[in-house]
file my_file.tsv (TSV, C-alpha atoms and all ligand atoms)
chain	number	residue	atom	x	y	z
Q	11	MET	CA	-126.07	15.27	5.83
Q	12	ASP	CA	-124.90	11.66	6.07
Q	13	ASN	CA	-124.13	11.59	2.35
Q	14	TRP	CA	-120.66	10.33	3.00
Q	15	LYS	CA	-122.03	7.18	4.66
Q	16	PHE	CA	-124.18	6.39	1.60
Q	17	ALA	CA	-121.21	7.16	-0.66
Q	18	GLU	CA	-119.00	4.85	1.36
Q	19	ARG	CA	-121.46	1.97	1.19
Q	20	TYR	CA	-123.21	2.44	-2.13
Q	21	GLY	CA	-121.06	4.75	-4.23
Q	22	ILE	CA	-123.74	7.39	-4.64
Q	23	LYS	CA	-123.32	10.98	-5.67
Q	24	GLY	CA	-125.33	13.49	-3.72
Q	25	VAL	CA	-126.04	16.84	-2.14
Q	26	GLY	CA	-126.29	17.54	1.62
Q	27	VAL	CA	-127.88	20.70	3.01
Q	28	ASP	CA	-127.63	22.15	6.54
Q	29	LEU	CA	-127.91	25.61	8.04
Q	30	SER	CA	-125.15	25.00	10.58
Q	31	PRO	CA	-121.56	25.84	9.54
Q	32	TYR	CA	-120.33	23.32	12.15
Q	33	CYS	CA	-122.43	20.53	10.71
Q	34	VAL	CA	-121.35	21.30	7.14
Q	35	ALA	CA	-117.66	21.54	8.13
Q	36	ASP	CA	-117.94	18.18	9.91
Q	37	ALA	CA	-119.59	16.55	6.88
Q	38	LYS	CA	-116.88	17.92	4.58
Q	39	ARG	CA	-114.15	16.64	6.90
Q	40	LYS	CA	-115.69	13.15	6.96
Q	41	HIS	CA	-116.13	13.23	3.19
Q	42	GLN	CA	-112.43	13.97	2.68
Q	43	LYS	CA	-111.34	11.41	5.24
Q	44	ARG	CA	-113.67	8.53	4.36
Q	45	VAL	CA	-114.61	8.81	0.66
Q	46	PRO	CA	-112.55	11.60	-0.94
Q	47	ASP	CA	-113.35	10.46	-4.50
Q	48	ALA	CA	-117.13	10.48	-3.99
Q	49	ARG	CA	-119.06	13.15	-5.87
Q	50	LEU	CA	-120.66	14.85	-2.88
Q	51	VAL	CA	-121.59	18.48	-2.36
Q	52	PHE	CA	-122.39	20.04	1.03
Q	53	LEU	CA	-124.30	23.31	1.11
Q	54	GLU	CA	-124.57	25.62	4.10
Q	55	MET	CA	-128.00	27.15	3.58
Q	56	ASP	CA	-131.63	27.16	4.69
Q	57	GLY	CA	-133.12	23.90	3.48
Q	58	ALA	CA	-136.34	25.74	2.62
Q	59	ASP	CA	-134.46	27.60	-0.13
Q	60	PHE	CA	-132.82	24.54	-1.65
Q	61	GLU	CA	-133.91	23.54	-5.16
Q	62	PRO	CA	-132.39	20.70	-7.13
Q	63	GLU	CA	-130.88	21.55	-10.52
Q	64	LYS	CA	-133.71	19.52	-12.05
Q	65	PRO	CA	-137.06	18.99	-10.27
Q	66	GLU	CA	-138.08	15.35	-9.70
Q	67	SER	CA	-134.53	14.13	-10.27
Q	68	PHE	CA	-133.22	12.44	-7.08
Q	69	ASP	CA	-133.39	8.68	-6.56
Q	70	LEU	CA	-133.53	9.25	-2.79
Q	71	VAL	CA	-134.38	12.38	-0.81
Q	72	ALA	CA	-134.11	12.45	2.99
Q	73	CYS	CA	-134.97	14.85	5.79
Q	74	ILE	CA	-134.27	13.13	9.10
Q	75	GLY	CA	-135.39	15.20	12.05
Q	76	ALA	CA	-135.81	18.69	10.61
Q	77	SER	CA	-139.38	18.83	9.27
Q	78	TRP	CA	-139.91	22.33	10.75
Q	79	ILE	CA	-137.96	23.53	7.69
Q	80	TYR	CA	-141.03	22.74	5.59
Q	81	GLY	CA	-143.65	23.58	8.23
Q	82	GLY	CA	-144.14	19.99	9.47
Q	83	HIS	CA	-144.48	16.41	8.25
Q	84	ARG	CA	-146.92	17.05	5.39
Q	85	GLY	CA	-144.98	20.06	4.15
Q	86	THR	CA	-141.84	17.93	4.19
Q	87	LEU	CA	-143.44	15.12	2.19
Q	88	LYS	CA	-144.74	17.63	-0.36
Q	89	ALA	CA	-141.35	19.37	-0.74
Q	90	LEU	CA	-139.38	16.12	-0.96
Q	91	GLU	CA	-141.85	14.58	-3.40
Q	92	GLY	CA	-141.18	17.51	-5.72
Q	93	MET	CA	-137.45	16.73	-5.72
Q	94	ALA	CA	-137.79	12.94	-6.09
Q	95	ALA	CA	-137.69	11.11	-9.44
Q	96	GLN	CA	-140.77	9.28	-10.77
Q	97	GLU	CA	-139.61	6.01	-9.19
Q	98	SER	CA	-137.65	6.82	-6.04
Q	99	TRP	CA	-137.45	6.82	-2.25
Q	100	ILE	CA	-138.30	9.50	0.28
Q	101	VAL	CA	-137.01	9.03	3.84
Q	102	VAL	CA	-138.31	11.19	6.67
Q	103	GLY	CA	-137.58	11.15	10.41
Q	104	GLU	CA	-140.43	12.48	12.51
Q	105	PRO	CA	-141.75	12.44	16.09
Q	106	TYR	CA	-145.15	10.87	16.76
Q	107	TRP	CA	-147.55	10.85	19.72
Q	108	ARG	CA	-147.40	7.58	21.65
Q	109	GLN	CA	-150.31	8.87	23.72
Q	110	GLU	CA	-152.29	12.10	23.99
Q	111	PRO	CA	-149.96	14.85	25.27
Q	112	GLU	CA	-150.79	16.67	28.51
Q	113	ARG	CA	-151.24	20.43	28.32
Q	114	GLU	CA	-148.27	21.04	30.68
Q	115	TYR	CA	-146.03	18.99	28.41
Q	116	LEU	CA	-147.10	20.92	25.30
Q	117	GLU	CA	-146.40	24.19	27.13
Q	118	ALA	CA	-143.02	22.97	28.36
Q	119	ILE	CA	-141.82	22.02	24.86
Q	120	GLY	CA	-143.54	24.88	23.02
Q	121	GLN	CA	-145.58	22.60	20.74
Q	122	GLU	CA	-149.26	22.06	19.95
Q	123	ARG	CA	-151.24	18.84	19.75
Q	124	ASN	CA	-151.31	19.10	15.97
Q	125	SER	CA	-147.56	19.74	15.68
Q	126	PHE	CA	-147.18	15.96	15.25
Q	127	GLY	CA	-149.34	13.02	14.23
Q	128	THR	CA	-149.69	9.51	15.57
Q	129	HIS	CA	-147.47	6.81	14.08
Q	130	SER	CA	-150.15	5.62	11.68
Q	131	GLU	CA	-151.02	9.22	10.69
Q	132	ASN	CA	-147.37	9.92	9.89
Q	133	ALA	CA	-147.11	6.75	7.81
Q	134	GLU	CA	-150.39	7.24	5.97
Q	135	ALA	CA	-149.80	10.94	5.29
Q	136	GLY	CA	-147.83	9.76	2.25
Q	137	HIS	CA	-151.08	8.89	0.44
Q	138	GLU	CA	-151.89	12.60	0.08
Q	139	PHE	CA	-148.78	12.96	-2.07
Q	140	GLY	CA	-148.94	9.65	-3.95
Q	141	LEU	CA	-146.40	8.00	-1.66
Q	142	GLU	CA	-146.65	4.52	-0.16
Q	143	VAL	CA	-144.87	3.79	3.11
Q	144	ALA	CA	-142.63	0.76	2.54
Q	145	TYR	CA	-140.78	0.55	5.86
Q	146	THR	CA	-140.68	2.18	9.30
Q	147	LEU	CA	-137.84	2.19	11.79
Q	148	VAL	CA	-139.24	3.03	15.23
Q	149	SER	CA	-136.96	4.12	18.07
Q	150	SER	CA	-137.28	2.30	21.37
Q	151	GLN	CA	-137.33	4.09	24.72
Q	152	ASP	CA	-133.73	2.92	25.16
Q	153	ASP	CA	-132.86	4.80	21.95
Q	154	TRP	CA	-134.61	7.93	23.28
Q	155	ASP	CA	-132.89	7.63	26.68
Q	156	ARG	CA	-129.54	7.46	24.95
Q	157	TYR	CA	-130.31	10.43	22.68
Q	158	GLU	CA	-131.56	12.58	25.57
Q	159	GLY	CA	-129.17	11.33	28.25
Q	160	LEU	CA	-126.05	11.97	26.21
Q	161	GLN	CA	-127.11	15.63	25.90
Q	162	TRP	CA	-127.48	15.95	29.71
Q	163	TYR	CA	-124.14	14.24	30.22
Q	164	ALA	CA	-122.35	16.38	27.63
Q	165	ALA	CA	-123.83	19.60	29.06
Q	166	GLU	CA	-122.85	18.74	32.65
Q	167	GLU	CA	-119.34	17.72	31.63
Q	168	TRP	CA	-118.86	20.83	29.50
Q	169	ALA	CA	-120.20	23.12	32.27
Q	170	SER	CA	-117.86	21.61	34.87
Q	171	GLY	CA	-114.89	22.28	32.64
Q	172	HIS	CA	-116.06	25.81	31.64
Q	173	ALA	CA	-117.61	27.14	34.82
Q	174	LYS	CA	-116.66	30.72	33.97
Q	175	ASP	CA	-118.01	30.65	30.42
Q	176	PRO	CA	-120.70	33.37	30.04
Q	177	ASP	CA	-123.07	30.83	28.40
Q	178	VAL	CA	-122.87	28.19	31.14
Q	179	LYS	CA	-125.96	29.22	33.08
Q	180	GLU	CA	-128.17	29.58	30.01
Q	181	VAL	CA	-126.99	26.26	28.52
Q	182	LEU	CA	-127.58	24.41	31.78
Q	183	ARG	CA	-130.97	26.06	32.30
Q	184	ARG	CA	-132.18	24.97	28.87
Q	185	VAL	CA	-130.80	21.46	29.10
Q	186	ARG	CA	-132.18	20.92	32.62
Q	187	GLU	CA	-135.66	22.23	31.66
Q	188	SER	CA	-135.71	19.95	28.64
Q	189	LYS	CA	-134.57	17.04	30.84
Q	190	ALA	CA	-137.39	17.66	33.32
Q	191	ALA	CA	-139.99	17.72	30.52
Q	192	TYR	CA	-138.62	14.48	29.07
Q	193	LEU	CA	-138.58	12.72	32.43
Q	194	ARG	CA	-142.04	13.93	33.53
Q	195	TRP	CA	-143.92	13.47	30.26
Q	196	GLY	CA	-141.83	13.11	27.09
Q	197	ARG	CA	-140.52	9.59	27.61
Q	198	GLU	CA	-144.06	8.15	27.73
Q	199	THR	CA	-145.66	10.59	25.31
Q	200	LEU	CA	-143.47	11.26	22.31
Q	201	GLY	CA	-142.01	8.63	20.02
Q	202	TRP	CA	-139.73	8.88	17.05
Q	203	ALA	CA	-139.61	6.99	13.77
Q	204	ILE	CA	-138.02	7.01	10.37
Q	205	TYR	CA	-140.54	6.52	7.53
Q	206	VAL	CA	-139.44	5.16	4.17
Q	207	PHE	CA	-141.85	6.09	1.36
Q	208	LYS	CA	-141.86	4.82	-2.19
Q	209	LYS	CA	-142.75	7.25	-4.94
Q	210	GLY	CA	-144.15	5.59	-8.05
Q	211	ALA	CA	-145.44	2.52	-6.16
Q	212	VAL	CA	-147.95	0.33	-7.99
Q	213	ASN	CA	-151.39	1.87	-7.50
Q	214	THR	CA	-154.17	-0.47	-6.39
Q	215	ILE	CA	-156.72	2.21	-5.61
Q	216	ASP	CA	-159.73	2.37	-7.91
Q	217	GLY	CA	-162.07	3.89	-5.37
Q	218	GLY	CA	-161.13	0.80	-3.37
Q	219	ASP	CA	-159.01	-0.54	-0.59
Q	220	LEU	CA	-156.93	2.30	0.91
Q	221	ASN	CA	-159.87	4.70	0.84
Q	222	THR	CA	-162.00	2.14	2.66
Q	223	LEU	CA	-159.30	1.70	5.29
Q	224	ARG	CA	-159.00	5.44	5.81
Q	225	GLY	CA	-162.77	5.78	6.06
Q	226	ARG	CA	-162.77	3.30	8.93
Q	227	GLU	CA	-160.41	5.46	10.99
Q	228	THR	CA	-162.53	8.58	10.95
Q	301	LIG	C1	-131.99	16.94	14.66
Q	301	LIG	S1	-130.71	17.44	13.57
Q	301	LIG	C2	-130.82	16.25	12.28
Q	301	LIG	C3	-129.46	15.81	11.81
Q	301	LIG	C4	-129.40	15.18	10.42
Q	301	LIG	N1	-130.52	14.40	10.10
Q	301	LIG	C5	-128.17	14.31	10.27
Q	301	LIG	O1	-128.31	13.15	9.96
Q	301	LIG	O2	-127.08	14.81	10.51
Q	301	LIG	C6	-131.38	18.87	12.78
Q	301	LIG	C7	-130.43	19.50	11.81
Q	301	LIG	O3	-131.17	20.46	11.07
Q	301	LIG	C8	-130.33	21.59	10.84
Q	301	LIG	N2	-131.21	22.72	10.52
Q	301	LIG	C9	-132.01	23.43	11.36
Q	301	LIG	N3	-132.73	24.34	10.68
Q	301	LIG	C10	-132.37	24.23	9.37
Q	301	LIG	C11	-132.77	24.88	8.19
Q	301	LIG	N4	-133.67	25.86	8.19
Q	301	LIG	N5	-132.21	24.49	7.02
Q	301	LIG	C12	-131.29	23.49	6.98
Q	301	LIG	N6	-130.88	22.82	8.09
Q	301	LIG	C13	-131.42	23.18	9.27
Q	301	LIG	C14	-129.54	21.72	12.12
Q	301	LIG	O4	-128.36	22.47	11.93
Q	301	LIG	C15	-129.26	20.25	12.45
Q	301	LIG	O5	-128.06	19.80	11.88
call {"tool": "encode", "arguments": {"input": "my_file.tsv", "output": "structure tokens"}}
result
Amino acid sequence: MDNWKFAERYGIKGVGVDLSPYCVADAKRKHQKRVPDARLVFLEMDGADFEPEKPESFDLVACIGASWIYGGHRGTLKALEGMAAQESWIVVGEPYWRQEPEREYLEAIGQERNSFGTHSENAEAGHEFGLEVAYTLVSSQDDWDRYEGLQWYAAEEWASGHAKDPDVKEVLRRVRESKAAYLRWGRETLGWAIYVFKKGAVNTIDGGDLNTLRGRET
């Protein structure tokens, strides 16, 4: 949805998709305020239903932190590859296992071991779709602490100021359960990275190097 940032810096035109009316309204507000002349469109819809006017037409397609829309990391790469031009970039934000998850942690967050890959699995998954990872941006634990901690802080502050709101108890219950799971297991177990893939990268495989590398892992 951060189209307006790209438009501000690089003068792009683009389309942003989100299911949340709040998110779309915020993006439209920032568009008007920051880059009103930029040719940006924001659509409030299920990302799974979005189709570009022309398949394989975008120079850059991104899905940062919403891969469930396409049933996971591989589904996301497949869907985005179908929207991306022959020579283009695909940018995906995805969690990865820093270590093997404990059963209690999986239960607490409602995920399975195969919900996510390791960092190298996430990066190398591009090969299945003809994509070469060209860069990764890996969050530190400080980044995670900030992302998680600001949610605890915001929830506690909001609850104190809205003690009689009918949603207070449910909001605090969810946030505090999620906090406990993060503190007990998540901080050491789950990482987060942004993966930048190149579509149309020069192919060096003739039964050769990348296959050999992959063979060594299994
Ligand atoms: C973790 S946030 C990622 C934010 C986004 N990358 C950005 O830069 O603003 C997940 C976003 O996915 C949106 N979302 C959840 N399910 C969706 C769906 N089925 N289709 C489109 N957007 C969805 C949420 O509303 C939320 O804004």
call {"tool": "closest_atom_pairs", "arguments": {"input": "my_file.tsv", "of": "chain Q", "to": "ligand LIG 301 (chain Q)", "cutoff": "8 Å", "atoms": "only C-alpha atoms and all ligand atoms", "output": "Markdown table"}}
result
| residue | atom | partner | partner_atom | distance |
| --- | --- | --- | --- | --- |
| Q:Met11 | CA | Q:LIG301 | O2 | 4.8 |
| Q:Asp12 | CA | Q:LIG301 | O1 | 5.4 |
| Q:Val27 | CA | Q:LIG301 | C12 | 5.9 |
| Q:Asp28 | CA | Q:LIG301 | N6 | 3.7 |
| Q:Leu29 | CA | Q:LIG301 | N6 | 4.1 |
| Q:Ser30 | CA | Q:LIG301 | O4 | 4.3 |
| Q:Pro31 | CA | Q:LIG301 | O4 | 8.0 |
| Q:Cys33 | CA | Q:LIG301 | O5 | 5.8 |
| Q:Glu54 | CA | Q:LIG301 | C12 | 7.6 |
| Q:Met55 | CA | Q:LIG301 | C12 | 6.0 |
| Q:Asp56 | CA | Q:LIG301 | N5 | 3.6 |
| Q:Gly57 | CA | Q:LIG301 | N5 | 3.7 |
| Q:Ala58 | CA | Q:LIG301 | N5 | 6.2 |
| Q:Cys73 | CA | Q:LIG301 | N1 | 6.2 |
| Q:Ile74 | CA | Q:LIG301 | N1 | 4.1 |
| Q:Gly75 | CA | Q:LIG301 | C1 | 4.6 |
| Q:Ala76 | CA | Q:LIG301 | C6 | 4.9 |
| Q:Trp78 | CA | Q:LIG301 | N3 | 7.5 |
| Q:Ile79 | CA | Q:LIG301 | N4 | 4.9 |
| Q:Gly103 | CA | Q:LIG301 | N1 | 7.8 |
call {"tool": "closest_atom_pairs", "arguments": {"input": "my_file.tsv", "of": "stretch 133-222 of chain Q", "to": "stretch 114-129 of chain Q", "cutoff": "7 Å", "atoms": "all atoms listed in the file", "output": "CSV"}}
result
residue,atom,partner,partner_atom,distance
Q:Ala133,CA,Q:His129,CA,6.3
Q:Ala191,CA,Q:Ala118,CA,6.4
Q:Trp195,CA,Q:Tyr115,CA,6.2
call {"tool": "write_last_selection", "arguments": {"input": "my_file.tsv", "atoms": "C-alpha atoms", "output": "mmCIF file, in the frame of the given file"}}
result
data_model
loop_
_atom_site.group_PDB
_atom_site.id
_atom_site.type_symbol
_atom_site.label_atom_id
_atom_site.label_comp_id
_atom_site.auth_asym_id
_atom_site.auth_seq_id
_atom_site.Cartn_x
_atom_site.Cartn_y
_atom_site.Cartn_z
ATOM 1 C CA ALA Q 133 -147.110 6.750 7.810
ATOM 2 C CA ALA Q 191 -139.990 17.720 30.520
ATOM 3 C CA TRP Q 195 -143.920 13.470 30.260
#
call {"tool": "atom_distance", "arguments": {"input": "my_file.tsv", "atom1": "atom CA of Q:Asp47", "atom2": "atom CA of Q:Gly21"}}
result
9.6 Å
call {"tool": "residues_around", "arguments": {"input": "my_file.tsv", "residues": "Q:Ile204", "least_positions_apart": "6", "cutoff": "8 Å", "atoms": "all atoms listed in the file", "output": "JSON, numbers by chain"}}
result
{"Q": [74, 101, 102, 103, 104, 146, 147, 148]}
call {"tool": "residues_around", "arguments": {"input": "my_file.tsv", "residues": "Q:Glu91", "least_positions_apart": "5", "cutoff": "8 Å", "atoms": "only C-alpha atoms", "output": "PyMOL selection string"}}
result
chain Q and resi 66+100+139+209
call {"tool": "write_last_selection", "arguments": {"input": "my_file.tsv", "atoms": "C-alpha atoms", "output": "CSV table (one decimal), in the coordinates of the input"}}
result
chain,number,residue,atom,x,y,z
Q,66,GLU,CA,-138.1,15.4,-9.7
Q,100,ILE,CA,-138.3,9.5,0.3
Q,139,PHE,CA,-148.8,13.0,-2.1
Q,209,LYS,CA,-142.8,7.2,-4.9
call {"tool": "atom_distance", "arguments": {"input": "my_file.tsv", "atom1": "atom CA of Q:Val206", "atom2": "atom CA of Q:Leu90"}}
result
12.1 Å
call {"tool": "atom_distance", "arguments": {"input": "my_file.tsv", "atom1": "atom CA of Q:Ala144", "atom2": "atom CA of Q:Ala17"}}
result
22.6 Å
call {"tool": "residues_around", "arguments": {"input": "my_file.tsv", "residues": "stretch 23-26 of chain Q", "least_positions_apart": "4", "cutoff": "6 Å", "atoms": "all atoms listed in the file", "output": "MDAnalysis selection string"}}
result
chainID Q and resid 11 49:52
call {"tool": "residues_around", "arguments": {"input": "my_file.tsv", "residues": "Q:Pro62", "least_positions_apart": "5", "cutoff": "9 Å", "atoms": "only C-alpha atoms", "output": "list in words"}}
result
Val25, Ser67, Phe68 and Met93 of chain Q
